[in-house]
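K.L.:
Pasting model26.txt below, which is compact mmCIF, C-alpha atoms (C1' of nucleotides).
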# COMPACT_ATOMS: atom_id res chain seq x y z
CA MET F 917 16.52 103.73 -79.07
CA LEU F 918 15.66 106.07 -76.26
CA PHE F 919 15.98 109.79 -76.58
CA LEU F 920 16.03 111.48 -73.20
CA GLN F 921 16.10 115.13 -72.34
CA HIS F 922 18.83 116.13 -69.95
CA SER F 923 17.45 117.44 -66.67
CA SER F 924 19.35 119.72 -64.35
CA ASN F 925 19.99 116.86 -62.02
CA HIS F 926 22.59 114.43 -63.33
CA LYS F 927 21.82 111.80 -60.76
CA GLU F 928 18.12 111.88 -61.45
CA PHE F 929 18.82 111.68 -65.13
CA HIS F 930 20.99 108.62 -64.78
CA ASN F 931 18.53 106.96 -62.46
CA ASN F 932 15.81 107.36 -65.01
CA VAL F 933 18.03 105.90 -67.65
CA TYR F 934 18.85 102.99 -65.42
CA GLN F 935 15.24 102.14 -64.78
CA LEU F 936 14.45 102.21 -68.47
CA TYR F 937 17.57 100.26 -69.19
CA HIS F 938 16.71 97.48 -66.84
CA ILE F 939 13.25 97.23 -68.33
CA LEU F 940 14.62 96.89 -71.81
CA HIS F 941 17.75 95.01 -70.80
CA ARG F 942 19.63 96.04 -73.88
CA SER F 943 22.11 98.66 -74.90
CA TYR F 944 21.05 102.20 -75.64
CA ILE F 945 22.44 105.56 -76.50
CA ILE F 946 22.41 108.62 -74.35
CA LEU F 947 22.28 111.81 -76.27
CA ASN F 948 23.13 114.38 -73.73
CA THR F 949 23.58 117.91 -74.94
CA ASP F 950 25.77 120.08 -72.79
CA THR F 951 23.86 123.35 -72.92
CA SER F 952 26.07 125.15 -70.44
CA ARG F 953 28.81 125.70 -72.95
CA GLY F 954 26.88 126.31 -76.11
CA LEU F 955 27.60 124.92 -79.52
CA THR F 956 29.94 127.50 -80.98
CA SER F 957 32.60 126.10 -83.23
CA LEU F 958 35.21 126.88 -80.68
CA GLY F 959 33.19 125.29 -77.94
CA TRP F 960 32.61 122.29 -80.09
CA ASN F 961 36.25 122.03 -80.86
CA ARG F 962 37.21 122.24 -77.23
CA ARG F 963 34.61 119.74 -76.23
CA MET F 964 35.51 117.26 -78.90
CA SER F 965 39.15 117.40 -77.96
CA GLN F 966 38.54 116.40 -74.37
CA HIS F 967 38.41 112.98 -72.81
CA ALA F 968 34.87 111.80 -72.14
CA LEU F 969 33.61 111.67 -68.55
CA LEU F 970 30.42 109.82 -67.73
CA SER F 971 29.45 112.26 -64.99
CA LEU F 972 29.75 115.27 -67.30
CA GLY F 973 27.65 113.60 -69.94
CA ALA F 974 28.82 115.92 -72.71
CA LYS F 975 29.46 112.95 -74.96
CA ALA F 976 27.37 110.16 -76.33
CA TRP F 977 27.73 107.12 -74.12
CA ARG F 978 26.43 103.68 -74.76
CA CYS F 979 26.48 100.71 -72.48
CA LEU F 980 26.24 97.01 -71.95
CA TYR F 981 25.06 94.86 -69.09
CA CYS F 982 28.27 93.53 -67.55
CA PRO F 983 28.74 92.86 -63.83
CA LYS F 984 32.12 93.34 -62.15
CA SER F 985 32.41 89.60 -61.62
CA GLU F 986 32.63 89.29 -65.41
CA LEU F 987 34.92 92.26 -65.99
CA ARG F 988 36.96 94.66 -63.94
CA LEU F 989 38.54 97.31 -66.09
CA ASP F 990 41.24 98.23 -63.58
CA LEU F 991 42.66 94.71 -63.32
CA THR F 992 42.10 93.77 -66.93
CA LEU F 993 43.71 96.87 -68.43
CA GLU F 994 46.56 97.25 -65.94
CA CYS F 995 47.75 93.71 -65.34
CA GLY F 996 50.39 94.01 -68.05
CA GLN F 997 48.69 92.23 -70.94
CA THR F 998 48.29 95.52 -72.79
CA PHE F 999 50.43 98.64 -72.61
CA ARG F 1000 48.34 101.37 -74.19
CA TRP F 1001 45.34 102.09 -71.96
CA ARG F 1002 45.57 105.07 -69.61
CA GLU F 1003 43.33 106.14 -66.79
CA THR F 1004 42.25 109.54 -68.15
CA GLY F 1005 39.70 110.22 -65.40
CA LYS F 1006 38.69 108.51 -62.20
CA GLY F 1007 37.70 105.00 -63.26
CA HIS F 1008 37.86 106.03 -66.92
CA TRP F 1009 40.29 104.33 -69.30
CA THR F 1010 41.11 105.65 -72.74
CA GLY F 1011 42.86 103.68 -75.45
CA VAL F 1012 42.81 102.42 -79.02
CA MET F 1013 40.71 99.44 -80.03
CA GLY F 1014 39.95 98.36 -83.57
CA GLY F 1015 41.61 101.44 -85.03
CA ARG F 1016 39.50 103.90 -83.05
CA VAL F 1017 39.85 105.73 -79.75
CA TRP F 1018 37.59 104.70 -76.88
CA THR F 1019 36.93 105.71 -73.29
CA LEU F 1020 35.54 103.03 -71.00
CA THR F 1021 34.16 103.11 -67.48
CA GLN F 1022 31.85 101.01 -65.37
CA THR F 1023 29.18 101.36 -62.72
CA ASP F 1024 27.58 98.51 -60.75
CA ASP F 1025 26.43 96.13 -63.45
CA THR F 1026 27.10 98.31 -66.45
CA LEU F 1027 30.00 98.80 -68.81
CA TRP F 1028 29.92 102.23 -70.46
CA TYR F 1029 31.75 103.18 -73.62
CA HIS F 1030 32.31 106.21 -75.77
CA VAL F 1031 33.88 106.06 -79.22
CA TYR F 1032 35.53 109.22 -80.49
CA ARG F 1033 34.70 110.23 -84.01
CA CYS F 1034 37.48 112.58 -84.92
CA ARG F 1035 39.10 110.85 -87.85
CA GLU F 1036 37.31 113.09 -90.32
CA ASP F 1037 39.07 116.22 -89.08
CA PRO F 1038 40.74 117.82 -92.10
CA ASP F 1039 44.22 117.91 -90.62
CA HIS F 1040 43.93 114.35 -89.46
CA VAL F 1041 43.04 113.09 -92.90
CA ASN F 1042 46.16 114.72 -94.22
CA GLY F 1043 48.18 113.46 -91.32
CA ARG F 1044 49.21 116.94 -90.28
CA LYS F 1045 49.57 118.14 -86.76
CA ARG F 1046 46.77 120.13 -85.21
CA LYS F 1047 49.19 122.87 -84.18
CA LYS F 1048 49.97 123.75 -87.76
CA ALA F 1049 46.29 124.18 -88.55
CA GLU F 1050 45.90 126.51 -85.63
CA ASP F 1051 48.76 128.65 -86.83
CA SER F 1052 47.14 129.19 -90.17
CA GLN F 1053 44.14 131.54 -90.23
CA GLU F 1054 42.81 130.09 -93.41
CA LEU F 1055 42.98 126.51 -92.30
CA TRP F 1056 41.47 127.53 -89.02
CA LYS F 1057 38.53 129.14 -90.77
CA LYS F 1058 38.04 126.03 -92.88
CA PHE F 1059 38.24 123.94 -89.78
CA LYS F 1060 35.54 126.01 -88.12
CA GLU F 1061 33.26 125.49 -91.09
CA MET F 1062 33.95 121.81 -91.00
CA ALA F 1063 33.27 121.79 -87.30
CA GLU F 1064 29.84 123.31 -87.70
CA VAL F 1065 28.96 120.82 -90.37
CA LYS F 1066 30.32 118.07 -88.24
CA VAL F 1067 28.10 118.94 -85.29
CA GLU F 1068 25.04 118.41 -87.41
CA GLU F 1069 26.39 115.23 -88.92
CA ASP F 1070 27.30 113.93 -85.54
CA ASP F 1071 23.89 114.66 -84.10
CA LYS F 1072 22.23 113.05 -87.07
CA SER F 1073 24.28 109.92 -86.92
CA LEU F 1074 23.61 109.61 -83.22
CA CYS F 1075 19.88 110.14 -83.65
CA VAL F 1076 19.59 107.24 -86.03
CA SER F 1077 18.64 104.31 -83.90
CA THR F 1078 21.03 101.34 -83.97
CA SER F 1079 22.97 102.48 -86.99
CA GLU F 1080 25.27 99.96 -88.58
CA GLN F 1081 28.26 101.63 -87.00
CA ASP F 1082 26.75 101.37 -83.52
CA ALA F 1083 26.18 97.66 -83.95
CA LYS F 1084 29.75 97.28 -85.14
CA ASP F 1085 31.10 99.19 -82.16
CA GLU F 1086 29.34 96.88 -79.78
CA GLU F 1087 30.75 93.87 -81.60
CA VAL F 1088 34.27 95.28 -81.44
CA LEU F 1089 33.90 95.79 -77.70
CA LYS F 1090 32.48 92.33 -77.04
CA ASP F 1091 35.15 90.75 -79.17
CA TYR F 1092 38.04 92.63 -77.56
CA PHE F 1093 36.92 91.71 -74.04
CA GLN F 1094 35.74 88.23 -75.08
CA LEU F 1095 32.53 88.84 -73.17
CA SER F 1096 30.98 85.62 -74.45
CA VAL F 1097 33.40 83.74 -72.19
CA LYS F 1098 31.66 83.34 -68.83
CA LEU F 1099 34.38 84.34 -66.43
CA GLU F 1100 32.44 83.69 -63.25
CA ASP F 1101 32.00 80.03 -64.21
CA LEU F 1102 35.71 79.73 -64.92
CA TYR F 1103 36.66 81.23 -61.55
CA LYS F 1104 34.42 78.67 -59.89
CA GLU F 1105 36.07 75.81 -61.76
CA TRP F 1106 39.56 77.04 -60.94
CA GLY F 1107 38.63 77.59 -57.29
CA ASP F 1108 37.06 74.15 -56.94
CA ALA F 1109 40.20 72.52 -58.31
CA ASP F 1110 42.57 74.74 -56.35
CA PRO F 1111 42.05 76.19 -52.83
CA HIS F 1112 44.93 78.61 -53.28
CA PHE F 1113 43.32 80.05 -56.36
CA ARG F 1114 40.01 80.45 -54.56
CA ARG F 1115 41.60 82.75 -51.99
CA THR F 1116 43.11 85.20 -54.45
CA GLY F 1117 40.33 84.73 -56.98
CA ASN F 1118 37.81 86.18 -54.54
CA ILE F 1119 39.74 89.44 -54.33
CA PHE F 1120 40.95 89.56 -57.93
CA SER F 1121 37.69 88.73 -59.67
CA GLY F 1122 36.76 90.06 -63.08
CA LEU F 1123 40.23 89.79 -64.61
CA ARG F 1124 39.93 88.46 -68.13
CA MET F 1125 42.22 88.01 -71.10
CA LEU F 1126 41.78 90.47 -73.91
CA ARG F 1127 41.58 89.36 -77.53
CA GLN F 1128 44.17 91.79 -78.81
CA ASP F 1129 45.32 92.47 -82.31
CA PRO F 1130 48.14 89.95 -82.93
CA VAL F 1131 50.36 92.60 -84.53
CA GLU F 1132 50.17 94.93 -81.55
CA CYS F 1133 50.58 92.02 -79.16
CA LEU F 1134 53.63 90.55 -80.88
CA PHE F 1135 55.58 93.77 -81.32
CA SER F 1136 54.70 95.05 -77.86
CA PHE F 1137 55.97 91.89 -76.21
CA ILE F 1138 59.15 91.82 -78.25
CA CYS F 1139 59.82 95.08 -76.41
CA SER F 1140 59.19 93.43 -73.05
CA SER F 1141 62.33 91.33 -72.83
CA ASN F 1142 64.66 92.15 -69.96
CA ASN F 1143 62.66 95.28 -69.33
CA HIS F 1144 60.12 96.77 -66.92
CA ILE F 1145 56.53 97.79 -67.53
CA THR F 1146 56.91 101.56 -67.21
CA ARG F 1147 59.62 101.60 -69.83
CA ILE F 1148 57.72 99.20 -72.11
CA GLN F 1149 54.72 101.53 -72.00
CA GLY F 1150 56.87 104.47 -73.05
CA MET F 1151 58.48 102.48 -75.85
CA VAL F 1152 55.17 101.25 -77.28
CA GLU F 1153 53.83 104.79 -77.13
CA ARG F 1154 56.81 106.13 -79.05
CA LEU F 1155 56.51 103.28 -81.55
CA CYS F 1156 52.91 104.24 -82.30
CA GLY F 1157 53.66 107.94 -82.34
CA ARG F 1158 56.42 107.53 -84.89
CA PHE F 1159 55.02 104.82 -87.19
CA GLY F 1160 51.27 104.72 -86.55
CA THR F 1161 48.44 106.76 -88.07
CA LEU F 1162 47.21 109.69 -85.98
CA LEU F 1163 43.64 109.04 -84.91
CA CYS F 1164 42.78 112.03 -82.74
CA GLU F 1165 43.92 114.40 -80.04
CA LEU F 1166 42.30 114.66 -76.61
CA ASP F 1167 43.37 117.13 -73.94
CA GLY F 1168 46.63 117.56 -75.78
CA THR F 1169 47.34 113.85 -75.98
CA CYS F 1170 47.68 112.34 -79.44
CA TYR F 1171 46.28 108.88 -80.04
CA HIS F 1172 47.79 106.81 -82.82
CA ASP F 1173 46.88 103.48 -84.27
CA PHE F 1174 49.41 100.69 -83.87
CA PRO F 1175 51.81 100.62 -86.85
CA SER F 1176 51.33 98.13 -89.67
CA ILE F 1177 53.83 95.32 -90.15
CA GLU F 1178 54.76 96.84 -93.48
CA ALA F 1179 55.67 100.14 -91.82
CA LEU F 1180 57.92 98.33 -89.34
CA ALA F 1181 59.61 96.19 -91.99
CA GLU F 1182 61.40 99.12 -93.66
CA SER F 1183 65.14 98.85 -93.19
CA SER F 1184 65.35 102.46 -91.98
CA VAL F 1185 63.17 101.58 -89.00
CA GLN F 1186 65.99 99.96 -87.11
CA ALA F 1187 68.07 103.11 -86.75
CA GLN F 1188 65.00 105.18 -85.95
CA LEU F 1189 64.03 102.83 -83.14
CA ARG F 1190 67.55 103.03 -81.77
CA ASP F 1191 67.14 106.76 -81.59
CA LEU F 1192 63.86 106.31 -79.77
CA GLY F 1193 65.63 104.33 -77.06
CA PHE F 1194 64.68 100.76 -77.99
CA GLY F 1195 68.20 99.45 -77.54
CA TYR F 1196 68.97 96.03 -78.99
CA ARG F 1197 65.22 95.37 -79.45
CA ALA F 1198 65.21 97.74 -82.43
CA ARG F 1199 66.78 95.01 -84.55
CA PHE F 1200 64.34 92.35 -83.32
CA LEU F 1201 61.32 94.49 -84.18
CA GLN F 1202 62.39 95.41 -87.68
CA GLU F 1203 63.73 91.94 -88.53
CA SER F 1204 60.62 90.18 -87.27
CA ALA F 1205 58.44 92.51 -89.33
CA HIS F 1206 60.63 91.95 -92.38
CA GLN F 1207 60.58 88.19 -91.91
CA ILE F 1208 56.77 88.13 -91.74
CA ILE F 1209 56.46 90.19 -94.91
CA SER F 1210 59.06 88.29 -96.90
CA CYS F 1211 58.33 84.71 -95.75
CA HIS F 1212 54.60 85.03 -95.26
CA ASN F 1213 52.15 87.93 -95.69
CA PRO F 1214 50.70 90.74 -93.58
CA GLU F 1215 47.71 88.58 -92.58
CA TRP F 1216 49.83 85.63 -91.53
CA LEU F 1217 49.74 86.43 -87.83
CA HIS F 1218 45.94 86.46 -87.84
CA THR F 1219 45.83 83.07 -89.55
CA LEU F 1220 47.63 81.58 -86.55
CA ARG F 1221 44.31 81.89 -84.71
CA ASN F 1222 43.10 78.95 -86.75
CA VAL F 1223 45.93 76.51 -86.00
CA PRO F 1224 46.59 74.48 -82.82
CA TYR F 1225 48.46 76.09 -79.90
CA LEU F 1226 51.77 74.27 -80.28
CA GLU F 1227 51.86 74.88 -84.01
CA ALA F 1228 51.25 78.62 -83.61
CA ARG F 1229 53.85 78.73 -80.85
CA ALA F 1230 56.46 76.98 -82.98
CA SER F 1231 55.83 79.41 -85.83
CA LEU F 1232 56.30 82.42 -83.57
CA LEU F 1233 59.53 81.02 -82.10
CA LYS F 1234 61.17 81.34 -85.50
CA LEU F 1235 60.95 85.13 -85.33
CA PRO F 1236 63.96 87.03 -83.98
CA GLY F 1237 63.44 88.34 -80.46
CA VAL F 1238 60.67 85.82 -79.81
CA GLY F 1239 61.43 83.17 -77.20
CA PRO F 1240 59.10 80.88 -75.24
CA LYS F 1241 57.75 83.61 -72.98
CA VAL F 1242 56.92 86.14 -75.70
CA ALA F 1243 55.48 83.41 -77.94
CA ASP F 1244 53.14 82.29 -75.17
CA CYS F 1245 52.07 85.87 -74.44
CA VAL F 1246 51.10 86.34 -78.08
CA CYS F 1247 49.33 82.95 -78.18
CA LEU F 1248 47.35 83.65 -75.02
CA MET F 1249 46.57 87.33 -75.51
CA SER F 1250 45.87 87.55 -79.23
CA LEU F 1251 45.65 84.10 -80.84
CA ASP F 1252 42.86 82.41 -78.84
CA LYS F 1253 45.20 79.94 -77.13
CA SER F 1254 43.72 80.01 -73.63
CA GLU F 1255 45.93 77.13 -72.50
CA ALA F 1256 49.18 79.02 -73.15
CA VAL F 1257 50.96 79.85 -69.88
CA PRO F 1258 53.72 82.45 -70.19
CA VAL F 1259 56.36 81.60 -67.61
CA ASP F 1260 58.67 84.34 -66.44
CA THR F 1261 60.78 84.69 -63.32
CA HIS F 1262 57.68 85.84 -61.47
CA VAL F 1263 55.54 82.85 -62.43
CA TRP F 1264 58.46 80.58 -61.64
CA GLN F 1265 58.52 82.06 -58.16
CA ILE F 1266 54.76 81.58 -57.76
CA ALA F 1267 55.10 77.92 -58.77
CA ARG F 1268 57.77 77.35 -56.14
CA ARG F 1269 56.23 79.44 -53.38
CA ASP F 1270 52.57 78.46 -53.69
CA TYR F 1271 52.56 75.15 -55.57
CA ASN F 1272 55.49 73.22 -54.11
CA TYR F 1273 57.31 73.14 -57.39
CA ASP F 1274 60.81 72.27 -56.21
CA ALA F 1275 61.93 70.16 -59.15
CA GLY F 1276 63.05 73.34 -60.88
CA SER F 1277 64.77 74.96 -57.94
CA LYS F 1278 67.92 73.03 -58.78
CA THR F 1279 68.58 75.04 -61.90
CA LYS F 1280 69.75 78.60 -61.67
CA THR F 1281 68.17 79.73 -64.93
CA LEU F 1282 64.72 79.16 -66.38
CA THR F 1283 65.50 76.26 -68.71
CA ASN F 1284 63.15 74.95 -71.39
CA LYS F 1285 62.55 71.89 -69.27
CA VAL F 1286 61.49 73.87 -66.22
CA TYR F 1287 59.44 76.17 -68.42
CA LYS F 1288 57.45 73.27 -69.83
CA GLU F 1289 56.99 71.61 -66.44
CA ILE F 1290 55.51 74.74 -64.89
CA GLY F 1291 53.16 75.25 -67.83
CA ASP F 1292 52.04 71.61 -67.64
CA LEU F 1293 51.60 71.86 -63.88
CA PHE F 1294 49.17 74.75 -64.25
CA ARG F 1295 47.41 73.25 -67.27
CA GLN F 1296 46.86 70.05 -65.34
CA ARG F 1297 45.43 71.94 -62.40
CA TRP F 1298 43.31 74.56 -64.15
CA GLY F 1299 42.44 72.96 -67.47
CA SER F 1300 42.10 74.45 -70.92
CA TYR F 1301 41.89 78.07 -69.69
CA ALA F 1302 45.06 77.77 -67.60
CA GLY F 1303 46.52 80.89 -69.19
CA TRP F 1304 43.60 82.95 -67.95
CA ALA F 1305 43.91 81.56 -64.42
CA HIS F 1306 47.65 82.09 -64.41
CA SER F 1307 47.26 85.79 -65.12
CA VAL F 1308 44.97 86.21 -62.11
CA LEU F 1309 47.75 84.99 -59.83
CA PHE F 1310 50.32 86.97 -61.74
CA CYS F 1311 48.24 90.11 -61.30
CA ALA F 1312 47.75 89.42 -57.59
CA ASP F 1313 51.52 89.47 -57.22
CA LEU F 1314 52.01 92.83 -58.90
CA LYS F 1315 53.21 95.53 -56.59
CA LYS F 1316 50.59 98.03 -57.71
CA PHE F 1317 47.73 95.76 -56.66
CA GLN F 1318 48.99 94.82 -53.21
CA LYS F 1319 46.68 97.35 -51.60
CA LEU F 1320 43.68 95.33 -52.82
CA LYS F 1321 44.75 92.45 -50.62
CA GLU F 1322 44.86 94.65 -47.54
CA THR F 1323 41.35 96.06 -47.86
CA PRO F 1324 39.43 93.01 -46.64
CA THR F 1325 41.81 92.58 -43.75
CA ILE F 1326 41.32 96.16 -42.67
CA LYS F 1327 37.58 95.70 -42.89
CA GLU F 1328 37.85 92.59 -40.77
CA GLU F 1329 39.92 94.41 -38.21
CA LYS F 1330 37.41 97.24 -38.11
CA ASN F 1331 34.59 94.79 -37.68
CA GLN F 1332 36.48 93.09 -34.92
CA ALA F 1333 37.15 96.41 -33.25
CA LYS F 1334 33.45 97.23 -33.42
CA MET F 1335 32.51 93.92 -31.89
CA GLU F 1336 34.91 94.47 -29.04
C1' DC B 1245 70.81 69.82 -71.93
C1' DG B 1246 72.28 73.52 -68.81
C1' DA B 1247 75.11 77.48 -67.30
C1' DA B 1248 77.07 81.92 -68.30
C1' DG B 1249 77.44 86.31 -70.46
C1' DA B 1250 76.25 89.89 -73.62
C1' DC B 1251 72.71 92.91 -75.04
C1' DC B 1252 70.41 98.77 -74.74
C1' DT B 1253 68.31 101.85 -71.46
C1' DT B 1254 66.04 103.59 -67.80
C1' DT B 1255 63.73 103.31 -63.06
C1' DA Q 97 67.60 95.17 -61.63
C1' DA Q 98 64.08 95.05 -65.07
C1' DG Q 99 58.01 90.36 -66.84
C1' DG Q 100 63.99 87.67 -71.93
C1' DT Q 101 66.52 86.18 -76.01
C1' DC Q 102 70.56 84.61 -78.37
C1' DT Q 103 75.04 82.73 -78.60
C1' DT Q 104 78.66 80.11 -76.91
C1' DC Q 105 80.88 76.69 -74.20
Could you show the structure in this file as structure tokens?

P.N.:
Amino acid sequence: MLFLQHSSNHKEFHNNVYQLYHILHRSYIILNTDTSRGLTSLGWNRRMSQHALLSLGAKAWRCLYCPKSELRLDLTLECGQTFRWRETGKGHWTGVMGGRVWTLTQTDDTLWYHVYRCREDPDHVNGRKRKKAEDSQELWKKFKEMAEVKVEEDDKSLCVSTSEQDAKDEEVLKDYFQLSVKLEDLYKEWGDADPHFRRTGNIFSGLRMLRQDPVECLFSFICSSNNHITRIQGMVERLCGRFGTLLCELDGTCYHDFPSIEALAESSVQAQLRDLGFGYRARFLQESAHQIISCHNPEWLHTLRNVPYLEARASLLKLPGVGPKVADCVCLMSLDKSEAVPVDTHVWQIARRDYNYDAGSKTKTLTNKVYKEIGDLFRQRWGSYAGWAHSVLFCADLKKFQKLKETPTIKEEKNQAKME
DNA sequence: CGAAGACCTTT
DNA sequence: AAGGTCTTC
């Protein structure tokens, strides 16, 4: 591990780190003490409750070699496969992964990550709200003592080179983003087999499927039916806030773990979800959770990673609120079924518009037959990672990413204007 | 097998 | 209408 002293010049500091990094070509830890604010308990508290920013450097950041062609955080975290990551700073995304809160960002060929260590806070252990602790002088005093101890512990743990926890963190990150899958090679394969893909693939590079927790994936997508993304995000947030364990608070935002299946299986959950605005999906969520607990076991969803695609899909279809589209989302995004192609009205439109699929334009609704034909069409064209390729085109059609398509055109126009 | 309608709420 | 699912005909 490298231990570098912070200089007054951030840029110079980072450049130095970069040079060393490229020599070693492995991950490292930056221990960057923010001296401007001092290490009073209050200062510590305020600092620890803020989102991390790479440019401020007040937190411990680690990183990984990872070019944008292999991963683009903006596309990957905002294409609708996950609903819980938020851009908490320019190019910085904060969310929950493996039961802990992370902030991620990237520079040229580097993926940076910070893991928050605030689970040991006394009021978090007891599951109480921070506000209450602040109201009580005594608790506040205790908290300050804890804070001072914590600073030392934190420094110590960070000074230990490649501690077990650090190695685990890196594994969690690599696993979640499936970084062992060489995305650039896949894009080339898809582009070679499909000129239309090549066009959009050039602009929308670095979009990869996450390997999400099956529980979070299943219950999030049960919420997605006949619904739009902004509302789904709000619903999932409320679901976690009400039934999930509090992990930490940053800049006034509370981060909770995703609820356990057991917590969602309680019969009282249904009415509570109704109150939280889940509509008819409240019943689906609670009944699916109950069915998993009573017919199988809490680990059952994870075991579906080890069975063939169609078998896992068929098992999921038995759950209430889970149809073909939701089942395929869960298969693709959390159960290692890269060939699963979720077909919704949008994908149906893409198939007709860009791939001459007119056999299904006769029917008014998305029938099972049409659904299967579109999935097979894309699987035939793109191969065993068809689900990954499909989501690139799906993402390229999202309204929020339309501006990305314009950029090259504008550049071309500018270049043309210059030449003239 | 396919079409039609209900289903909760919010953007 | 919204990134569907379920039930009925």

K.L.:
Can you work out which residues from chain F touch chain B at a cut-off of 9 Å (counting only C-alpha atoms (C1' of nucleotides)) and hand them back as number ranges by chain?

P.N.:
F: 1143-1144, 1146-1147, 1190, 1193-1197, 1279-1281, 1283, 1285

K.L.:
Mind dumping a table of every chain Q residue within 9 Å of chain F, with the nearest atom pair and its distance in Å to one decimal, using only C-alpha atoms (C1' of nucleotides), sorted by chain and rising number, as a tab-separated table?

P.N.:
residue	atom	partner	partner_atom	distance
Q:DA98	C1'	F:Asn1143	CA	4.5
Q:DG99	C1'	F:Asp1260	CA	6.1
Q:DG100	C1'	F:Ser1141	CA	4.1
Q:DT101	C1'	F:Gly1237	CA	5.8
Q:DC102	C1'	F:Gly1237	CA	8.3

K.L.:
What separation in Å, quoted to one decimal, exists between CA of Pro983 in chain F and CA of Leu1027 in chain F?

P.N.:
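Answer for the CA of Pro983 in chain F to CA of Leu1027 in chain F separation: 7.9 Å.
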
K.L.:
What is the distance, in Å and to one decimal place, between CA of Ser1254 in chain F and CA of Tyr1301 in chain F?

P.N.:
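A separation of 4.8 Å between them.
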
K.L.:
Residues within 6 Å of range 1174-1189 of chain F, please, as an MDAnalysis selection string. Count only C-alpha atoms (C1' of nucleotides); anything in the same chain fewer than 2 positions from it doesn't count.

P.N.:
chainID F and resid 1156 1159:1160 1191:1192 1194 1198:1199 1202 1205:1206

K.L.:
Do you have the CA of Phe1093 in chain F-CA of Met1125 in chain F distance handy?

P.N.:
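Distance reported for this atom pair: 7.1 Å.
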
K.L.:
Of the residues F:Leu1162, F:Leu989, F:Val1308, F:Ala976, which is the one nearest to Cys1034 in chain F, using all atoms listed in the file?

P.N.:
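Checking each of F:Leu1162, F:Leu989, F:Val1308, F:Ala976 against Cys1034 in chain F, counting all atoms listed in the file, the winner is F:Leu1162.
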
K.L.:
Since the input lacks some atoms of range 1143-1153 of chain F, please model N, CA, C and O atoms and print them as a compact mmCIF listing (two decimals), in the frame of the given file.

P.N.:
# COMPACT_ATOMS: atom_id res chain seq x y z
N ASN F 1143 63.15 93.91 -69.35
CA ASN F 1143 62.66 95.28 -69.33
C ASN F 1143 61.56 95.41 -68.28
O ASN F 1143 61.01 94.43 -67.85
N HIS F 1144 61.24 96.62 -67.87
CA HIS F 1144 60.12 96.77 -66.92
C HIS F 1144 58.96 97.52 -67.56
O HIS F 1144 59.09 98.21 -68.56
N ILE F 1145 57.79 97.36 -66.92
CA ILE F 1145 56.53 97.79 -67.53
C ILE F 1145 56.50 99.29 -67.86
O ILE F 1145 56.07 99.66 -68.94
N THR F 1146 56.98 100.11 -66.95
CA THR F 1146 56.91 101.56 -67.21
C THR F 1146 57.69 101.93 -68.47
O THR F 1146 57.25 102.76 -69.26
N ARG F 1147 58.84 101.28 -68.64
CA ARG F 1147 59.62 101.60 -69.83
C ARG F 1147 58.97 101.02 -71.08
O ARG F 1147 58.97 101.64 -72.14
N ILE F 1148 58.40 99.81 -70.96
CA ILE F 1148 57.72 99.20 -72.11
C ILE F 1148 56.58 100.11 -72.59
O ILE F 1148 56.42 100.34 -73.79
N GLN F 1149 55.83 100.64 -71.65
CA GLN F 1149 54.72 101.53 -72.00
C GLN F 1149 55.22 102.72 -72.81
O GLN F 1149 54.65 103.08 -73.84
N GLY F 1150 56.30 103.32 -72.35
CA GLY F 1150 56.87 104.47 -73.05
C GLY F 1150 57.35 104.09 -74.44
O GLY F 1150 57.14 104.84 -75.41
N MET F 1151 57.97 102.92 -74.55
CA MET F 1151 58.48 102.48 -75.85
C MET F 1151 57.35 102.24 -76.84
O MET F 1151 57.41 102.68 -78.00
N VAL F 1152 56.30 101.54 -76.39
CA VAL F 1152 55.17 101.25 -77.28
C VAL F 1152 54.50 102.55 -77.72
O VAL F 1152 54.12 102.71 -78.88
N GLU F 1153 54.42 103.49 -76.79
CA GLU F 1153 53.83 104.79 -77.13
C GLU F 1153 54.64 105.50 -78.21
O GLU F 1153 54.09 106.03 -79.18
